[in-house]
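Step one of this worksheet: look at the structure below.
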2 protein chains.
Amino acid sequence: MSTISTLGYALLSLLARGELSGYDIARQMKAPIGYFWHASHSQIYPELARLERDGYVGHQVVEQHDRPDKKVYSLTDAGREALRTWVTSPLDVPSVRDELVLRAFSLWLGDRREAAALFREHERRHEAQLEEYQAIEAHIKGQSARLPSIDSPEFAAYATLQRGMGYERECAAWCRWVAEQLEGGPV
Amino acid sequence: MSTISTLGYALLSLLARGELSGYDIARQMKAPIGYFWHASHSQIYPELARLERDGYVGHQVVEQHDRPDKKVYSLTDAGREALRTWVTSPLDVPSVRDELVLRAFSLWLGDRREAAALFREHERRHEAQLEEYQAIEAHIKGQSARLPSIDSPEFAAYATLQRGMGYERECAAWCRWVAEQLEGGPV
DNA sequence: TCCCTCATGTAAAAGGTTACATGATTTA
DNA sequence: TAAATCATGTAACCTTTTACATGAGGGA
């Protein structure tokens, strides 16, 4: 049944929660999962075709009168099984690529004020993203006092949200610390 | 003078601290900068050739008797200037790709115990990496009571180290939280 | 009338990983 | 004798980004 790329699993992950068209998937790739695995439609459409060819998904054409017809994809049993075993299979820690950290490594060469402005701006952006996540969390907590069951897709989404909040909080804190050093240091 | 890729700037960042051969750079790409921008020798050698063609670096052949001769690269004025302006130029927040978070999104499908084991293992790895960073920090702090000057390459390296520690701490904490949820939840 | 949303694709280019290729010296 | 280190490269492949391409319907 040939191997599936990580992108392929990302698509299966979304389809495991319900039927979606390629266009729907492209939209879902913005939040919350897209913050940890982004893909654009030019990657999604060919990957769906590949998954279908290999028997992991199937599709039905849904005719629409006021808008273009669409292909609605759903998981096959093989697709669901592949996804299930992938979740707990061995995984190496990923190699991170963050250009801002790379720039920090050459901070001593750049203009002090410009550098401070850059880090302050990134601090702001990470804080804005954090607030977005916190609003989603508030919405979830508003619906029920306790966390969703561990076996539910809702808990899984909540877990990725927690990671998102932790990530943004840490990025913002680091940017702030760097900016403070740049602003407070000797002239 | 044509554009430089992020990888190119990564190489310039290292050369700004001193002359290095391609082989040296490949080794440096393991720590501390490599944790935020990795590259293997098959990328490094062609990129150095490109940077030289475009006038950002130059090289001298150093003959050695007991080991192979090497090409030692150094920055040109143009290379140093390009690096300097790059540090503070506008930058979009990067899109993150983390397969473990992607897997968490499908946690509800997988075996509970296997999932807990996976997250415990990643917790351990991130903690091990954190300890490695802390050892480097201890070494730096052992040399001098106060932080290195903001204008120094040492401060810049210290700043990336801080980011590394924050990153690993946050990853480990999240993995631990997920594992605890999986282990403590109802059967 | 112009732009946005819905909807699906292809193609070219850039970036990154893995494998191929060579060869001397040192260490276990 | 086998493996690791030093040293430099190329080639094939996979992934990702950006641009090209089309077309209907709705709202400002």
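Within each chain, counting starts at residue 1; across the structure tokens, chains are named A, B, ... in the order shown, with ligands numbered 1 upward in that order.
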Any chance you could tabulate, as a Markdown table, the residues of chain B at most 7 Å from chain D with each one's nearest atom pair and distance in Å to one decimal, using only C-alpha atoms (C1' of nucleotides), in chain and rising number order?
```
| residue | atom | partner | partner_atom | distance |
| --- | --- | --- | --- | --- |
| B:Tyr23 | CA | D:DA7 | C1' | 6.7 |
| B:Arg67 | CA | D:DC6 | C1' | 6.3 |
| B:Pro68 | CA | D:DA7 | C1' | 5.6 |
| B:Lys70 | CA | D:DA7 | C1' | 6.6 |
```
Could you produce a table of the residues of stretch 150-183 of chain B lying within 12 Å of stretch 110-129 of chain A, with the nearest pair of atoms per residue and their separation in Å rounded to one decimal, using only C-alpha atoms, ordered by chain and increasing residue number, as JSON lines?
```
{"residue": "B:Ile150", "atom": "CA", "partner": "A:Arg112", "partner_atom": "CA", "distance": 9.0}
{"residue": "B:Asp151", "atom": "CA", "partner": "A:Arg112", "partner_atom": "CA", "distance": 8.5}
{"residue": "B:Ser152", "atom": "CA", "partner": "A:Gly110", "partner_atom": "CA", "distance": 11.0}
{"residue": "B:Pro153", "atom": "CA", "partner": "A:Gly110", "partner_atom": "CA", "distance": 11.3}
{"residue": "B:Ala156", "atom": "CA", "partner": "A:Gly110", "partner_atom": "CA", "distance": 11.0}
```
Set out as a Markdown table a contact list for chain A and chain C with a cut-off of 10 Å, giving each residue of chain A that qualifies its closest atom pair and distance in Å to one decimal, counting only C-alpha atoms (C1' of nucleotides), ordered by chain and rising residue number.
```
| residue | atom | partner | partner_atom | distance |
| --- | --- | --- | --- | --- |
| A:Ser21 | CA | C:DA7 | C1' | 9.2 |
| A:Gly22 | CA | C:DT8 | C1' | 8.3 |
| A:Tyr23 | CA | C:DA7 | C1' | 6.7 |
| A:Asp24 | CA | C:DA7 | C1' | 9.8 |
| A:His41 | CA | C:DT8 | C1' | 9.0 |
| A:Ser42 | CA | C:DG9 | C1' | 8.0 |
| A:Tyr45 | CA | C:DG9 | C1' | 7.3 |
| A:Pro46 | CA | C:DG9 | C1' | 8.5 |
| A:Asp66 | CA | C:DC6 | C1' | 9.6 |
| A:Arg67 | CA | C:DC6 | C1' | 6.3 |
| A:Pro68 | CA | C:DA7 | C1' | 5.6 |
| A:Asp69 | CA | C:DA7 | C1' | 7.1 |
| A:Lys70 | CA | C:DA7 | C1' | 6.6 |
| A:Lys71 | CA | C:DT8 | C1' | 9.1 |
```
Please produce a file of those selected residues containing N, CA, C and O atoms, as a compact mmCIF listing (two decimals), in the first residue's frame.
```txt
# COMPACT_ATOMS: atom_id res chain seq x y z
N SER A 21 -13.71 18.47 1.58
CA SER A 21 -13.18 18.66 0.23
C SER A 21 -11.75 19.19 0.35
O SER A 21 -11.31 19.59 1.44
N GLY A 22 -11.02 19.18 -0.74
CA GLY A 22 -9.67 19.71 -0.73
C GLY A 22 -9.66 21.18 -0.31
O GLY A 22 -8.77 21.62 0.42
N TYR A 23 -10.65 21.88 -0.75
CA TYR A 23 -10.77 23.30 -0.40
C TYR A 23 -10.99 23.48 1.11
O TYR A 23 -10.39 24.35 1.73
N ASP A 24 -11.86 22.64 1.67
CA ASP A 24 -12.09 22.64 3.12
C ASP A 24 -10.79 22.40 3.88
O ASP A 24 -10.49 23.08 4.86
N HIS A 41 -2.97 24.75 -1.08
CA HIS A 41 -3.82 23.91 -1.93
C HIS A 41 -3.02 23.21 -3.03
O HIS A 41 -3.38 22.11 -3.44
N SER A 42 -1.92 23.83 -3.45
CA SER A 42 -1.13 23.22 -4.53
C SER A 42 -0.43 21.94 -4.05
O SER A 42 0.03 21.15 -4.86
N TYR A 45 -4.15 19.13 -3.20
CA TYR A 45 -4.87 18.42 -4.27
C TYR A 45 -4.09 17.21 -4.81
O TYR A 45 -4.65 16.12 -4.91
N PRO A 46 -2.82 17.38 -5.15
CA PRO A 46 -2.08 16.20 -5.62
C PRO A 46 -1.94 15.11 -4.55
O PRO A 46 -1.97 13.93 -4.87
N ASP A 66 -25.37 26.87 -6.97
CA ASP A 66 -24.91 28.26 -6.90
C ASP A 66 -23.40 28.40 -6.78
O ASP A 66 -22.86 29.50 -6.77
N ARG A 67 -22.68 27.27 -6.64
CA ARG A 67 -21.22 27.33 -6.59
C ARG A 67 -20.65 26.08 -7.27
O ARG A 67 -21.40 25.13 -7.52
N PRO A 68 -19.33 26.07 -7.51
CA PRO A 68 -18.76 24.93 -8.26
C PRO A 68 -18.97 23.60 -7.53
O PRO A 68 -19.00 23.58 -6.29
N ASP A 69 -19.13 22.54 -8.28
CA ASP A 69 -19.21 21.20 -7.69
C ASP A 69 -17.94 20.93 -6.90
O ASP A 69 -16.90 21.52 -7.14
N LYS A 70 -18.04 19.99 -5.95
CA LYS A 70 -16.84 19.67 -5.18
C LYS A 70 -16.69 18.18 -4.98
O LYS A 70 -17.64 17.41 -5.09
N LYS A 71 -15.43 17.79 -4.69
CA LYS A 71 -15.13 16.40 -4.38
C LYS A 71 -15.01 16.28 -2.86
O LYS A 71 -14.13 16.89 -2.26
```
(request) Would you list the contacts of A:Glu170 as a list in words, taking every protein, DNA or RNA residue within 9 Å and counting only C-alpha atoms (C1' of nucleotides), but skipping same-chain residues closer than 5 positions in sequence? (result) His126, Met165 and Cys175 of chain A; Arg163, Gly166, Tyr167 and Glu170 of chain B
Emit the selected residues as a short mmCIF file (atom, residue, chain, number, x, y, z; two decimals), in the first residue's frame, including N, CA, C and O atoms.
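After the write, result_7.cif holds the following:
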```cif
data_model
loop_
_atom_site.label_atom_id
_atom_site.label_comp_id
_atom_site.auth_asym_id
_atom_site.auth_seq_id
_atom_site.Cartn_x
_atom_site.Cartn_y
_atom_site.Cartn_z
N HIS A 126 3.87 37.32 18.56
CA HIS A 126 3.68 36.09 19.32
C HIS A 126 2.64 36.28 20.42
O HIS A 126 1.86 35.37 20.70
N MET A 165 -0.05 27.45 22.85
CA MET A 165 0.06 28.51 23.85
C MET A 165 1.45 28.52 24.48
O MET A 165 2.05 29.58 24.65
N CYS A 175 11.80 36.94 22.99
CA CYS A 175 11.91 38.19 22.22
C CYS A 175 11.98 39.39 23.16
O CYS A 175 12.79 40.31 22.97
N ARG B 163 17.33 30.77 24.09
CA ARG B 163 16.18 30.32 23.31
C ARG B 163 16.11 28.81 23.31
O ARG B 163 15.03 28.22 23.44
N GLY B 166 14.75 27.62 26.67
CA GLY B 166 13.31 27.87 26.77
C GLY B 166 12.52 26.91 25.90
O GLY B 166 11.49 26.36 26.32
N TYR B 167 13.02 26.67 24.71
CA TYR B 167 12.34 25.77 23.77
C TYR B 167 12.26 24.36 24.33
O TYR B 167 11.19 23.74 24.37
N GLU B 170 9.96 24.01 27.38
CA GLU B 170 8.55 24.04 27.01
C GLU B 170 8.12 22.72 26.34
O GLU B 170 7.05 22.18 26.65
#
```
Show me, as a ChimeraX atom specification, every residue of chain B with an atom at most 6 Å from chain A, counting only C-alpha atoms.
/B:13,36-37,84,87-88,96-98,101,103-110,114-115,151-153,156-157,160
- Separation of atom CA of A:Arg53 from atom CA of A:Arg27 in Å: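 These two atoms are separated by 23.3 Å.
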**Item:** Every residue of stretch 40-173 of chain A that DSSP places in strand (DSSP E), as a ChimeraX atom specification
**Value:** /A:57-62,70-75
Quick check, in Å to one decimal: how far apart do atom CA of B:Ala49 and atom CA of B:Gln28 lie?
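Here the two named atoms are 18.3 Å from each other.
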Got a sec: who's within 10 Å of stretch 55-61 of chain B, counting only C-alpha atoms (C1' of nucleotides), leaving out chain neighbours fewer than 3 positions off, as a CSV table (one decimal) with N, CA, C and O atoms, in the first residue's frame?
```
chain,number,residue,atom,x,y,z
B,1,MET,N,24.6,42.0,-6.9
B,1,MET,CA,25.3,41.0,-6.1
B,1,MET,C,24.3,39.8,-5.8
B,1,MET,O,24.7,39.0,-5.0
B,2,SER,N,23.2,39.7,-6.4
B,2,SER,CA,22.3,38.6,-6.2
B,2,SER,C,21.9,38.3,-4.8
B,2,SER,O,22.6,38.7,-3.8
B,4,ILE,N,20.8,36.2,-1.3
B,4,ILE,CA,21.5,35.1,-0.4
B,4,ILE,C,20.3,34.4,0.3
B,4,ILE,O,19.4,35.0,0.8
B,8,GLY,N,22.7,30.5,3.2
B,8,GLY,CA,23.8,31.4,3.0
B,8,GLY,C,24.2,32.3,4.1
B,8,GLY,O,25.3,32.4,4.6
B,11,LEU,N,25.8,30.4,7.0
B,11,LEU,CA,27.2,30.2,6.7
B,11,LEU,C,28.0,31.5,7.0
B,11,LEU,O,29.1,31.5,7.7
B,12,LEU,N,27.5,32.6,6.5
B,12,LEU,CA,28.2,33.9,6.8
B,12,LEU,C,28.2,34.2,8.3
B,12,LEU,O,29.2,34.7,8.8
B,15,LEU,N,31.2,32.4,9.6
B,15,LEU,CA,32.4,32.9,9.1
B,15,LEU,C,32.7,34.3,9.7
B,15,LEU,O,33.9,34.7,9.7
B,19,GLU,N,37.7,32.4,10.3
B,19,GLU,CA,37.9,31.6,9.1
B,19,GLU,C,37.5,30.1,9.4
B,19,GLU,O,37.8,29.6,10.5
B,20,LEU,N,36.9,29.5,8.5
B,20,LEU,CA,36.5,28.1,8.6
B,20,LEU,C,36.5,27.4,7.3
B,20,LEU,O,36.3,28.0,6.2
B,21,SER,N,36.8,26.1,7.3
B,21,SER,CA,36.6,25.3,6.1
B,21,SER,C,35.2,24.8,6.0
B,21,SER,O,34.5,24.9,7.0
B,48,LEU,N,28.8,27.4,-0.3
B,48,LEU,CA,30.1,28.2,-0.2
B,48,LEU,C,30.5,28.6,-1.6
B,48,LEU,O,31.0,29.7,-1.8
B,49,ALA,N,30.4,27.7,-2.6
B,49,ALA,CA,30.9,28.0,-3.9
B,49,ALA,C,30.0,29.2,-4.5
B,49,ALA,O,30.5,30.1,-5.2
B,50,ARG,N,28.7,29.1,-4.2
B,50,ARG,CA,27.8,30.2,-4.7
B,50,ARG,C,28.2,31.5,-4.0
B,50,ARG,O,28.2,32.6,-4.7
B,51,LEU,N,28.4,31.5,-2.7
B,51,LEU,CA,28.7,32.7,-2.0
B,51,LEU,C,30.1,33.3,-2.5
B,51,LEU,O,30.2,34.5,-2.6
B,52,GLU,N,31.0,32.4,-2.9
B,52,GLU,CA,32.2,32.9,-3.4
B,52,GLU,C,32.1,33.5,-4.8
B,52,GLU,O,32.6,34.6,-5.1
B,64,GLN,N,48.2,20.6,4.0
B,64,GLN,CA,48.5,19.8,5.3
B,64,GLN,C,49.2,18.5,4.9
B,64,GLN,O,48.9,17.9,3.9
B,69,ASP,N,44.4,18.4,2.3
B,69,ASP,CA,44.4,19.8,2.2
B,69,ASP,C,43.0,20.4,2.4
B,69,ASP,O,42.0,19.6,2.2
B,70,LYS,N,42.9,21.6,2.8
B,70,LYS,CA,41.5,22.2,3.0
B,70,LYS,C,41.4,23.6,2.4
B,70,LYS,O,42.4,24.3,2.2
B,71,LYS,N,40.2,24.0,2.1
B,71,LYS,CA,39.9,25.4,1.7
B,71,LYS,C,39.4,26.1,2.9
B,71,LYS,O,38.3,25.8,3.4
B,72,VAL,N,40.1,27.2,3.3
B,72,VAL,CA,39.7,28.0,4.4
B,72,VAL,C,39.0,29.2,3.9
B,72,VAL,O,39.6,30.0,3.2
B,73,TYR,N,37.7,29.4,4.3
B,73,TYR,CA,36.9,30.5,3.8
B,73,TYR,C,36.9,31.6,4.8
B,73,TYR,O,37.0,31.4,6.0
B,74,SER,N,36.8,32.8,4.2
B,74,SER,CA,36.6,34.0,5.1
B,74,SER,C,35.7,35.0,4.4
B,74,SER,O,35.5,35.0,3.2
B,75,LEU,N,35.1,35.9,5.2
B,75,LEU,CA,34.1,36.9,4.7
B,75,LEU,C,34.9,38.0,3.9
B,75,LEU,O,35.9,38.4,4.3
B,76,THR,N,34.2,38.4,2.9
B,76,THR,CA,34.7,39.7,2.2
B,76,THR,C,33.9,40.8,2.9
B,76,THR,O,33.0,40.6,3.7
B,77,ASP,N,34.3,42.1,2.5
B,77,ASP,CA,33.6,43.2,3.1
B,77,ASP,C,32.1,43.2,2.7
B,77,ASP,O,31.2,43.5,3.5
B,78,ALA,N,31.9,42.7,1.4
B,78,ALA,CA,30.5,42.6,0.9
B,78,ALA,C,29.7,41.6,1.7
B,78,ALA,O,28.5,41.8,2.1
B,79,GLY,N,30.4,40.5,2.1
B,79,GLY,CA,29.7,39.5,2.9
B,79,GLY,C,29.3,40.0,4.3
B,79,GLY,O,28.2,39.8,4.8
B,80,ARG,N,30.3,40.7,4.9
B,80,ARG,CA,30.0,41.2,6.2
B,80,ARG,C,28.9,42.3,6.2
B,80,ARG,O,28.1,42.3,7.1
B,81,GLU,N,28.9,43.1,5.2
B,81,GLU,CA,27.9,44.1,5.0
B,81,GLU,C,26.5,43.5,4.8
B,81,GLU,O,25.5,43.9,5.4
B,82,ALA,N,26.5,42.5,3.9
B,82,ALA,CA,25.2,41.8,3.7
B,82,ALA,C,24.6,41.2,5.0
B,82,ALA,O,23.4,41.3,5.3
B,83,LEU,N,25.5,40.6,5.7
B,83,LEU,CA,25.1,39.9,7.0
B,83,LEU,C,24.6,41.0,8.0
B,83,LEU,O,23.6,40.8,8.6
```
In stretch 30-176 of chain B, DSSP helix (DSSP H, G or I) residues written as a ChimeraX atom specification:
/B:33-35,41-53,77-87,99-104,107-109,112-143,153-176
